[in-house]
Amino acid sequence: MKKISALLFFAGTFLFAKAQYGTINSMTVIPSNPTTFDTVKLIADVTVGYSSCWLVNNNFSLLSPGNYMVDGYYCMGMLAALCNSTDTFTLGVLPAGTNNIYMTLRSAQNTGPDPCTVFSPLDTDVVQIFISTSTGISRDEKISVQIIRMDDDGFVIKGAERIRGSKDFALFSITGRMVFNKTLPEGENKINPTLSPGIYFYRLRAANDFYYGKVFSY
């Protein structure tokens, strides 16, 4: 009887430990060499105790200057099998300099009266990135780019039609949020975004060349 009780105790302990299991396998930041105009994203590969598993919530917060925390909340299913998940977290535009991105993996079980509500922190990891100040470098000096407002017909990107190949054009608000994005085929230089009055920053990327500037909407 004692042996059976002991086996049940260890089995229960094992299942509890497995239910609480979680690890961050890897953390990758994209783009690999971000600037103060890039929207930074974190790609995290994690493993938790029970399958299936899914990311139910996340938040991104400032701990102190240059230190940020990503909290990932994972809900675990009922199948007693390890579950892998690869998820992308948008961090936004970060300030220039060295930044530490911490991540805490939290999980809860999809059982009980309040499923997936009581999350336990299981693992923490960190990745360090350097954000460079963008000054419109790496451009062909023979081609200048200028954006001109065309009343109700949107904007014309002067010079873009002379850049070979397709181009990625993006507009950002003063808070760093991307508000417009479009791929322009070779020869095209017109855009017609819906913008609130204010100041915006643009980034035009053609292969390895970048062009930056301001846009005024009124």
# chains A, B, ... in the order shown; residues from 1 in each chain; ligands from 1

$ residues_around --residues "Thr175 of chain A" --least-positions-apart "5" --cutoff "12 Å" --atoms "only C-alpha atoms" --output "VMD selection string"
chain A and resid 36 to 37 39 92 to 95 198 to 201

$ write_last_selection --atoms "N, CA and C atoms" --output "JSON list (two decimals), in the first residue's frame"
[["chain", "number", "residue", "atom", "x", "y", "z"],
["A", 36, "THR", "N", 16.84, 53.88, -36.28],
["A", 36, "THR", "CA", 15.79, 54.61, -35.58],
["A", 36, "THR", "C", 14.54, 54.82, -36.43],
["A", 37, "PHE", "N", 14.54, 54.34, -37.67],
["A", 37, "PHE", "CA", 13.36, 54.43, -38.53],
["A", 37, "PHE", "C", 12.69, 53.06, -38.71],
["A", 39, "THR", "N", 10.81, 49.48, -37.69],
["A", 39, "THR", "CA", 9.94, 48.83, -36.71],
["A", 39, "THR", "C", 10.59, 47.52, -36.30],
["A", 92, "GLY", "N", 8.09, 47.99, -32.11],
["A", 92, "GLY", "CA", 8.01, 49.37, -32.58],
["A", 92, "GLY", "C", 9.38, 49.96, -32.87],
["A", 93, "VAL", "N", 9.43, 51.26, -32.96],
["A", 93, "VAL", "CA", 10.67, 51.99, -33.23],
["A", 93, "VAL", "C", 11.36, 52.26, -31.89],
["A", 94, "LEU", "N", 12.61, 51.84, -31.77],
["A", 94, "LEU", "CA", 13.34, 51.97, -30.51],
["A", 94, "LEU", "C", 14.39, 53.07, -30.62],
["A", 95, "PRO", "N", 14.79, 53.67, -29.50],
["A", 95, "PRO", "CA", 15.77, 54.75, -29.52],
["A", 95, "PRO", "C", 17.16, 54.25, -29.88],
["A", 198, "GLY", "N", -0.80, 66.50, -39.98],
["A", 198, "GLY", "CA", 0.33, 66.36, -39.08],
["A", 198, "GLY", "C", 1.63, 66.14, -39.83],
["A", 199, "ILE", "N", 2.66, 65.79, -39.08],
["A", 199, "ILE", "CA", 3.99, 65.55, -39.63],
["A", 199, "ILE", "C", 4.25, 64.04, -39.64],
["A", 200, "TYR", "N", 4.79, 63.55, -40.74],
["A", 200, "TYR", "CA", 5.10, 62.13, -40.89],
["A", 200, "TYR", "C", 6.53, 61.99, -41.43],
["A", 201, "PHE", "N", 7.10, 60.83, -41.20],
["A", 201, "PHE", "CA", 8.42, 60.51, -41.73],
["A", 201, "PHE", "C", 8.27, 59.40, -42.76]]

$ residues_around --residues "segment 52-62 of chain A" --least-positions-apart "2" --cutoff "7 Å" --atoms "only C-alpha atoms" --output "PDB file with N, CA and C atoms, in the first residue's frame"
ATOM      1  N   TYR A  50       2.215  21.280 -22.041  1.00  0.00           N
ATOM      2  CA  TYR A  50       1.126  20.487 -22.607  1.00  0.00           C
ATOM      3  C   TYR A  50       0.733  21.015 -23.986  1.00  0.00           C
ATOM      4  N   SER A  64      13.420  50.344 -17.846  1.00  0.00           N
ATOM      5  CA  SER A  64      14.285  51.488 -17.582  1.00  0.00           C
ATOM      6  C   SER A  64      14.898  51.874 -18.921  1.00  0.00           C
ATOM      7  N   ASN A  67      16.138  49.254 -21.478  1.00  0.00           N
ATOM      8  CA  ASN A  67      15.739  47.919 -21.032  1.00  0.00           C
ATOM      9  C   ASN A  67      14.236  47.754 -21.178  1.00  0.00           C
ATOM     10  N   TYR A  68      13.833  46.716 -21.907  1.00  0.00           N
ATOM     11  CA  TYR A  68      12.429  46.493 -22.205  1.00  0.00           C
ATOM     12  C   TYR A  68      12.048  45.052 -21.861  1.00  0.00           C
ATOM     13  N   MET A  69      10.776  44.849 -21.564  1.00  0.00           N
ATOM     14  CA  MET A  69      10.276  43.518 -21.217  1.00  0.00           C
ATOM     15  C   MET A  69       9.122  43.122 -22.121  1.00  0.00           C
ATOM     16  N   VAL A  70       9.212  41.909 -22.673  1.00  0.00           N
ATOM     17  CA  VAL A  70       8.111  41.298 -23.414  1.00  0.00           C
ATOM     18  C   VAL A  70       7.559  40.164 -22.555  1.00  0.00           C
ATOM     19  N   ASP A  71       6.273  40.222 -22.246  1.00  0.00           N
ATOM     20  CA  ASP A  71       5.600  39.144 -21.525  1.00  0.00           C
ATOM     21  C   ASP A  71       4.736  38.371 -22.506  1.00  0.00           C
ATOM     22  N   GLY A  72       4.984  37.057 -22.606  1.00  0.00           N
ATOM     23  CA  GLY A  72       4.195  36.194 -23.472  1.00  0.00           C
ATOM     24  C   GLY A  72       3.352  35.241 -22.637  1.00  0.00           C
ATOM     25  N   TYR A  73       2.041  35.253 -22.844  1.00  0.00           N
ATOM     26  CA  TYR A  73       1.118  34.446 -22.061  1.00  0.00           C
ATOM     27  C   TYR A  73       0.594  33.292 -22.930  1.00  0.00           C
ATOM     28  N   TYR A  74       0.943  32.064 -22.541  1.00  0.00           N
ATOM     29  CA  TYR A  74       0.587  30.878 -23.323  1.00  0.00           C
ATOM     30  C   TYR A  74      -0.416  30.017 -22.569  1.00  0.00           C
ATOM     31  N   CYS A  75      -1.440  29.575 -23.288  1.00  0.00           N
ATOM     32  CA  CYS A  75      -2.452  28.686 -22.735  1.00  0.00           C
ATOM     33  C   CYS A  75      -2.142  27.266 -23.212  1.00  0.00           C
ATOM     34  N   MET A  76      -2.082  26.329 -22.250  1.00  0.00           N
ATOM     35  CA  MET A  76      -1.728  24.948 -22.579  1.00  0.00           C
ATOM     36  C   MET A  76      -2.972  24.079 -22.628  1.00  0.00           C
ATOM     37  N   GLY A  77      -2.957  23.111 -23.559  1.00  0.00           N
ATOM     38  CA  GLY A  77      -4.076  22.200 -23.713  1.00  0.00           C
ATOM     39  C   GLY A  77      -4.016  21.036 -22.741  1.00  0.00           C
ATOM     40  N   LEU A  79      -3.308  17.634 -23.777  1.00  0.00           N
ATOM     41  CA  LEU A  79      -2.486  16.511 -24.225  1.00  0.00           C
ATOM     42  C   LEU A  79      -1.121  16.541 -23.546  1.00  0.00           C
ATOM     43  N   CYS A  83       4.955  21.130 -26.285  1.00  0.00           N
ATOM     44  CA  CYS A  83       4.388  21.933 -27.376  1.00  0.00           C
ATOM     45  C   CYS A  83       5.323  23.083 -27.711  1.00  0.00           C
ATOM     46  N   LEU A  91       7.777  45.362 -31.453  1.00  0.00           N
ATOM     47  CA  LEU A  91       8.301  46.249 -30.416  1.00  0.00           C
ATOM     48  C   LEU A  91       8.215  47.713 -30.814  1.00  0.00           C
TER      49      LEU A  91
END

$ closest_residue --among "A:Tyr102, A:Phe89, A:Tyr212, A:Phe119" --to "Thr133 of chain A" --atoms "only C-alpha atoms"
A:Tyr212

$ select_by_dssp --residues "segment 35-164 of chain A" --states "strand (DSSP E)" --output "ChimeraX atom specification"
/A:40-48,51-64,67-79,83-92,97-109,120-131,146-149,155-158

$ residues_around --residues "segment 177-190 of chain A" --least-positions-apart "4" --cutoff "9 Å" --atoms "only C-alpha atoms" --output "number ranges by chain"
A: 39, 92-93, 153-173, 194-195

$ closest_residue --among "A:Leu42, A:Ile101, A:Cys116, A:Ile147" --to "Tyr202 of chain A" --atoms "only C-alpha atoms"
A:Ile147
